[in-house]
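Structure data follow from start.txt (compact mmCIF, C-alpha atoms):
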# COMPACT_ATOMS: atom_id res chain seq x y z
CA MET N 266 -18.84 -36.58 8.48
CA THR N 267 -21.69 -34.89 6.68
CA VAL N 268 -21.70 -31.11 6.60
CA ASP N 269 -25.29 -29.92 6.49
CA VAL N 270 -25.10 -26.21 5.76
CA LEU N 271 -22.73 -25.05 3.06
CA PRO N 272 -22.19 -21.58 1.59
CA THR N 273 -24.15 -20.80 -1.57
CA ALA N 274 -23.30 -18.79 -4.68
CA VAL N 275 -24.93 -15.78 -3.00
CA ASP N 276 -22.48 -16.12 -0.10
CA LEU N 277 -19.56 -16.33 -2.54
CA ASP N 278 -20.90 -13.25 -4.36
CA GLY N 279 -20.86 -11.27 -1.12
CA ILE N 280 -17.36 -12.39 -0.14
CA ALA N 281 -15.95 -11.71 -3.62
CA GLU N 282 -17.53 -8.26 -3.75
CA GLN N 283 -16.15 -7.37 -0.32
CA VAL N 284 -12.63 -8.49 -1.27
CA TRP N 285 -12.61 -6.72 -4.64
CA VAL N 286 -14.03 -3.48 -3.27
CA ALA N 287 -11.58 -3.36 -0.35
CA PHE N 288 -8.39 -4.39 -2.15
CA LEU N 289 -8.84 -4.16 -5.91
CA ASP N 290 -11.69 -1.97 -7.07
CA GLY N 291 -9.76 1.22 -7.68
CA GLY N 292 -12.77 2.87 -9.33
CA ASN N 293 -13.07 0.14 -11.94
CA GLU N 294 -16.43 -1.38 -12.69
CA LEU N 295 -17.08 -4.60 -10.81
CA VAL N 296 -19.79 -7.01 -11.94
CA ILE N 297 -20.73 -10.19 -10.06
CA HIS N 298 -22.20 -13.03 -12.15
CA SER N 299 -23.64 -15.38 -9.54
CA GLY N 300 -23.33 -19.06 -10.36
CA GLN N 301 -21.48 -18.45 -13.62
CA SER N 302 -17.97 -19.22 -14.82
CA ASP N 303 -15.73 -18.53 -17.79
CA ASP N 304 -13.43 -21.06 -19.49
CA SER N 305 -10.62 -18.72 -20.56
CA SER N 306 -8.57 -19.11 -17.36
CA GLU N 307 -4.82 -19.67 -17.67
CA LEU N 308 -3.83 -19.48 -13.99
CA SER N 309 -5.41 -20.66 -10.80
CA ALA N 310 -4.72 -20.08 -7.13
CA SER N 311 -6.20 -22.24 -4.41
CA VAL N 312 -6.23 -22.89 -0.70
CA GLY N 313 -7.08 -26.25 0.84
CA ILE N 314 -9.34 -26.57 3.87
CA VAL N 315 -8.96 -29.65 6.06
CA GLY N 316 -10.98 -30.65 9.11
CA THR N 317 -14.70 -30.87 9.72
CA TYR N 318 -14.93 -29.58 6.17
CA ASP N 319 -12.55 -30.90 3.50
CA GLY N 320 -12.26 -28.98 0.26
CA HIS N 321 -10.72 -26.11 -1.67
CA VAL N 322 -11.40 -22.51 -2.60
CA VAL N 323 -10.13 -21.77 -6.10
CA VAL N 324 -9.81 -18.52 -8.03
CA SER N 325 -8.81 -18.61 -11.69
CA CYS N 326 -8.30 -16.05 -14.44
CA THR N 327 -6.29 -15.21 -17.55
CA GLU N 328 -2.62 -14.16 -17.43
CA ALA N 329 -3.61 -10.60 -18.36
CA ALA N 330 -6.12 -10.51 -15.51
CA SER N 331 -3.56 -11.86 -13.04
CA ARG N 332 -1.16 -9.07 -14.05
CA ASP N 333 -3.92 -6.55 -13.42
CA VAL N 334 -4.40 -7.99 -9.92
CA ALA N 335 -0.67 -7.77 -9.19
CA SER N 336 -0.56 -4.27 -10.66
CA ALA N 337 -3.42 -3.09 -8.44
CA LEU N 338 -2.19 -4.77 -5.26
CA PHE N 339 1.46 -3.76 -5.66
CA ALA N 340 0.42 -0.31 -6.95
CA MET N 341 2.73 -0.53 -9.96
CA PRO N 342 2.27 -0.65 -13.77
CA ALA N 343 1.04 -4.02 -15.10
CA ASP N 344 3.94 -4.31 -17.56
CA GLU N 345 6.46 -4.04 -14.71
CA VAL N 346 5.15 -6.82 -12.43
CA THR N 347 7.26 -9.98 -12.27
CA GLU N 348 6.05 -13.58 -12.32
CA ASP N 349 6.79 -13.82 -8.58
CA GLU N 350 4.66 -10.77 -7.91
CA VAL N 351 1.80 -12.22 -9.98
CA GLY N 352 2.04 -15.46 -7.97
CA ASP N 353 2.14 -13.60 -4.66
CA ALA N 354 -0.83 -11.38 -5.58
CA LEU N 355 -3.04 -14.15 -6.97
CA GLY N 356 -2.12 -16.43 -4.06
CA GLU N 357 -3.06 -13.74 -1.57
CA LEU N 358 -6.34 -13.19 -3.38
CA ALA N 359 -7.10 -16.92 -2.92
CA ASN N 360 -5.98 -16.71 0.70
CA VAL N 361 -8.31 -13.82 1.54
CA LEU N 362 -11.26 -15.33 -0.37
CA GLY N 363 -10.56 -18.73 1.22
CA GLY N 364 -10.28 -17.32 4.73
CA ASN N 365 -13.64 -15.61 4.43
CA VAL N 366 -15.28 -18.72 2.98
CA LYS N 367 -13.74 -20.84 5.75
CA SER N 368 -15.39 -18.63 8.37
CA MET N 369 -18.76 -19.84 6.99
CA LEU N 370 -17.81 -23.52 7.16
CA PRO N 371 -18.20 -25.82 10.15
CA ALA N 372 -15.24 -25.66 12.56
CA PRO N 373 -12.72 -26.84 13.40
CA SER N 374 -10.69 -26.87 10.22
CA THR N 375 -7.37 -25.48 9.06
CA MET N 376 -6.48 -23.69 5.85
CA SER N 377 -3.35 -24.31 3.80
CA LEU N 378 -1.02 -21.71 2.38
CA PRO N 379 -2.04 -20.78 -1.19
CA ILE N 380 -0.84 -22.70 -4.25
CA VAL N 381 -0.65 -20.93 -7.61
CA ALA N 382 -0.57 -22.93 -10.84
CA LYS N 383 -0.17 -21.84 -14.44
CA THR N 384 -2.64 -24.17 -16.06
CA GLN N 385 -5.93 -24.08 -17.89
CA HIS N 386 -7.08 -27.30 -16.30
CA GLN N 387 -6.17 -27.59 -12.63
CA HIS N 388 -7.85 -30.68 -11.18
CA PHE N 389 -8.81 -31.47 -7.62
CA PRO N 390 -9.45 -35.22 -7.66
CA GLY N 391 -12.17 -36.53 -5.41
CA THR N 392 -14.00 -33.22 -5.15
CA THR N 393 -17.28 -31.79 -6.37
CA GLU N 394 -18.26 -28.15 -6.76
CA VAL N 395 -20.44 -26.63 -4.04
CA CYS N 396 -20.93 -23.21 -5.60
CA ARG N 397 -19.27 -20.74 -7.91
CA THR N 398 -19.35 -17.13 -8.92
CA MET N 399 -17.66 -15.01 -11.53
CA VAL N 400 -16.36 -11.49 -11.05
CA THR N 401 -15.75 -9.23 -14.02
CA TRP N 402 -13.23 -6.54 -13.17
CA ARG N 403 -11.40 -4.30 -15.66
CA GLY N 404 -13.22 -6.33 -18.30
CA ASN N 405 -11.57 -9.61 -17.21
CA PRO N 406 -13.46 -12.58 -15.76
CA PHE N 407 -12.35 -14.19 -12.48
CA ASN N 408 -13.85 -17.54 -11.47
CA VAL N 409 -14.27 -18.25 -7.76
CA ALA N 410 -15.35 -21.75 -6.71
CA LEU N 411 -15.82 -23.71 -3.51
CA LEU N 412 -15.12 -27.45 -3.81
CA VAL N 413 -15.85 -30.19 -1.31
CA SER N 414 -14.24 -33.60 -0.94
CA ARG N 415 -16.61 -36.43 -1.84
CA ASN N 416 -15.62 -38.09 1.45
CA ASN N 417 -16.85 -35.11 3.48
CA MET C 110 6.53 4.36 17.37
CA LYS C 111 8.01 1.40 15.56
CA ILE C 112 5.56 -1.07 13.98
CA LEU C 113 6.56 -4.54 12.79
CA VAL C 114 4.42 -5.98 9.97
CA ALA C 115 4.83 -9.77 9.70
CA ASP C 116 3.31 -11.58 6.72
CA ASP C 117 4.71 -14.18 4.32
CA SER C 118 3.06 -12.36 1.43
CA ARG C 119 5.05 -9.33 0.27
CA VAL C 120 1.98 -7.88 -1.41
CA MET C 121 -0.02 -8.16 1.81
CA ARG C 122 2.75 -6.42 3.77
CA GLN C 123 2.55 -3.61 1.21
CA ILE C 124 -1.24 -3.44 1.52
CA VAL C 125 -1.01 -3.28 5.33
CA ILE C 126 1.62 -0.52 5.13
CA ARG C 127 -0.44 1.39 2.53
CA THR C 128 -3.51 1.11 4.75
CA LEU C 129 -1.55 2.35 7.77
CA ARG C 130 -0.69 5.44 5.71
CA GLN C 131 -4.31 5.85 4.57
CA ALA C 132 -5.38 5.65 8.22
CA ASP C 133 -2.99 8.53 9.00
CA PHE C 134 -0.46 6.32 10.79
CA GLY C 135 2.19 6.91 8.12
CA ASP C 136 4.44 8.91 10.43
CA HIS C 137 5.37 5.81 12.41
CA GLU C 138 8.45 3.78 11.54
CA ILE C 139 7.45 0.55 9.82
CA ILE C 140 9.62 -2.55 9.60
CA GLU C 141 8.79 -5.90 7.97
CA ALA C 142 9.30 -9.62 8.51
CA PRO C 143 8.50 -12.34 5.92
CA ASP C 144 7.51 -15.07 8.41
CA GLY C 145 7.03 -15.85 12.08
CA ALA C 146 10.60 -16.92 12.79
CA ALA C 147 12.01 -13.77 11.19
CA ALA C 148 9.48 -11.71 13.14
CA PHE C 149 10.61 -13.34 16.39
CA GLU C 150 14.23 -12.39 15.63
CA THR C 151 13.20 -8.89 14.56
CA VAL C 152 11.24 -8.26 17.76
CA GLY C 153 14.36 -9.13 19.75
CA ALA C 154 16.68 -7.02 17.62
CA GLU C 155 14.51 -4.02 16.76
CA LYS C 156 12.23 -3.83 19.80
CA PRO C 157 9.10 -2.62 17.98
CA ASP C 158 6.29 -0.93 19.91
CA LEU C 159 3.57 -2.89 18.08
CA VAL C 160 3.47 -6.14 16.07
CA LEU C 161 0.86 -6.63 13.32
CA SER C 162 1.05 -10.27 12.30
CA ASP C 163 -0.57 -12.61 9.82
CA TRP C 164 -1.86 -15.86 11.34
CA ASN C 165 -1.10 -18.44 8.67
CA MET C 166 2.62 -18.33 7.81
CA PRO C 167 5.08 -21.09 6.89
CA GLY C 168 7.37 -22.34 9.66
CA MET C 169 6.31 -20.38 12.72
CA THR C 170 2.68 -19.26 12.52
CA GLY C 171 1.43 -16.00 13.98
CA ILE C 172 -0.06 -17.64 17.08
CA GLU C 173 3.18 -19.58 17.63
CA LEU C 174 5.08 -16.30 17.31
CA LEU C 175 2.90 -14.63 19.93
CA ARG C 176 3.18 -17.57 22.32
CA ALA C 177 6.98 -17.69 21.86
CA LEU C 178 7.25 -13.97 22.61
CA ARG C 179 5.11 -14.23 25.74
CA ALA C 180 6.93 -17.39 26.88
CA GLY C 181 10.17 -15.39 26.64
CA GLY C 182 8.71 -12.60 28.74
CA ASN C 183 8.22 -10.18 25.84
CA GLU C 184 4.99 -8.18 26.26
CA VAL C 185 5.08 -6.15 23.04
CA PRO C 186 1.52 -5.10 22.01
CA PHE C 187 0.43 -7.63 19.39
CA GLY C 188 -2.48 -7.82 16.95
CA PHE C 189 -3.41 -10.22 14.18
CA ILE C 190 -4.29 -9.29 10.61
CA THR C 191 -5.65 -12.45 9.09
CA SER C 192 -7.90 -13.73 6.32
CA GLU C 193 -9.42 -16.29 8.70
CA SER C 194 -11.65 -15.55 11.63
CA SER C 195 -13.57 -17.86 13.88
CA GLU C 196 -14.63 -17.76 17.50
CA GLU C 197 -12.05 -20.45 18.18
CA MET C 198 -9.25 -18.35 16.65
CA ALA C 199 -10.38 -15.19 18.42
CA LYS C 200 -10.32 -17.04 21.74
CA MET C 201 -6.87 -18.50 21.02
CA ALA C 202 -5.61 -15.03 20.11
CA THR C 203 -7.05 -13.40 23.23
CA ASP C 204 -5.85 -16.20 25.50
CA ALA C 205 -2.33 -15.84 24.08
CA GLY C 206 -2.34 -12.11 24.73
CA ALA C 207 -3.36 -10.52 21.42
CA LEU C 208 -5.07 -7.13 21.61
CA PHE C 209 -7.18 -7.50 18.46
CA LEU C 210 -7.81 -9.53 15.33
CA ILE C 211 -8.38 -7.61 12.10
CA VAL C 212 -9.90 -9.67 9.29
CA LYS C 213 -8.84 -9.27 5.64
CA PRO C 214 -10.17 -7.55 3.64
CA PHE C 215 -9.78 -4.50 5.89
CA THR C 216 -10.15 -0.76 5.34
CA ALA C 217 -8.40 2.32 6.67
CA ASP C 218 -11.46 2.94 8.88
CA ILE C 219 -11.02 -0.45 10.55
CA PHE C 220 -7.33 0.31 11.14
CA ARG C 221 -8.29 3.66 12.73
CA GLU C 222 -10.82 1.94 15.00
CA GLN C 223 -8.49 -0.83 16.12
CA LEU C 224 -5.19 1.03 16.25
CA GLY C 225 -6.27 4.56 17.13
CA SER C 226 -5.87 4.15 20.87
CA LEU C 227 -2.44 2.53 20.44
CA LEU C 228 -0.96 4.82 17.80
CA GLY C 229 -2.71 8.08 18.62

What does the file become when written as C-alpha cells?
Amino acid sequence: MTVDVLPTAVDLDGIAEQVWVAFLDGGNELVIHSGQSDDSSELSASVGIVGTYDGHVVVSCTEAASRDVASALFAMPADEVTEDEVGDALGELANVLGGNVKSMLPAPSTMSLPIVAKTQHQHFPGTTEVCRTMVTWRGNPFNVALLVSRNN
Amino acid sequence: MKILVADDSRVMRQIVIRTLRQADFGDHEIIEAPDGAAAFETVGAEKPDLVLSDWNMPGMTGIELLRALRAGGNEVPFGFITSESSEEMAKMATDAGALFLIVKPFTADIFREQLGSLLG
C-alpha cells in the first residue's frame, strides 16, 4: 500500500523539541538542526511501526549523551547511572518520539516495544529514510530519523 | 488516595510520579507495577483508588488490563498515560471505560487538568 502523506523533517523537529522540553531540557540549551545528522553515535534506540505504515523511528547518540539522558530522566548523577538505566531511558526516549510520530502516520498500525543497541552502525534492511533531524542538548548531538519499508 | 502507576519502563514510572508531585498530588500514596499482569494483581491486592497505566506493555497491555478489570467487575477509575494517541485508541479507551488518555510528553499542568477533579 502506498502512503501518500508522510511526516517531514519539520514535523520531526517539532516532536523532538516537545519531547526534550517536557522531559529533558532542565534549563540546558536545546538546538534543533532540521534535516541534519551526526556520525558519532555509539548507541541507538528504535521502535518498529507495523500496519498501514511499515517502518521505524530511531534515535541515536554517543554513550556520554545517553548517560546524560538517563541522568536527567532518573534525576541522578550521570556517573551513577547503570547500563540498565541507560537502556531504559534511551528506550523510553525512542518510545515517546515514536509514539508521537506514529500519530502522524496513516492508521491503523501498531508500535513495538523499544529496542536499544550498542552499535555505531545499526541497520534496518529494506528501509529508506523519510526524514531526519538532529538535536543538540548539553553539547551532545542526538539523531532522530523516520524510516519506511521499501514495500510500503 | 492510593494511585497505581503501571508502566514497563522504570524511568517513565519515576517521571509520572515526579510529575504527580509537581502537580501538587504528592500527598497521595503511590504504588507501582512493571507491567499489565502485575498491575492486575496489584489492583486486586492493594485496591487503589486510581490506576494510571501505560498502553504498550509486554504481556498484558494497558487496554487488556482495563478490559480484564472491567470483565471481573472492578470499576476502579482508570486513565492511560501513553506515547501513542489516535482517534482509534481514544475510542477503544473510552469504550473500555477509561476516564482519560494523557499523551507523553506531558506536563504538570496537563496532570492538574486531567486529574484535578479526581484527586482534589

Subject >> N:Ser311, N:Asn360, N:Ser305, N:Ser336 ranked by distance to chain C, top pick (using only C-alpha atoms) >> reply: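 Of the candidates, the smallest distance to chain C is held by N:Asn360.
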
Original post:
Using all atoms listed in the file, which residue out of N:Leu412, N:Val315, N:Val395, N:Ala287 lies closest to chain C?
Top reply: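 With all atoms listed in the file as the atom set, the closest residue is N:Ala287.
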
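Checking C:Ala205, C:Leu210, C:Met110, C:Leu159 one by one against Phe187 in chain C, counting all atoms listed in the file, you find the shortest gap at C:Leu159.
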
Original post:
When you draw a straight line from CA of Gln223 in chain C to CA of Pro371 in chain N, how long is it in Å?
Top reply: 27.5 Å

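With only C-alpha atoms as the basis for measurement, N:Glu282 is the residue among N:Asp303, N:Asp276, N:Glu345, N:Glu282 that approaches chain C most closely.
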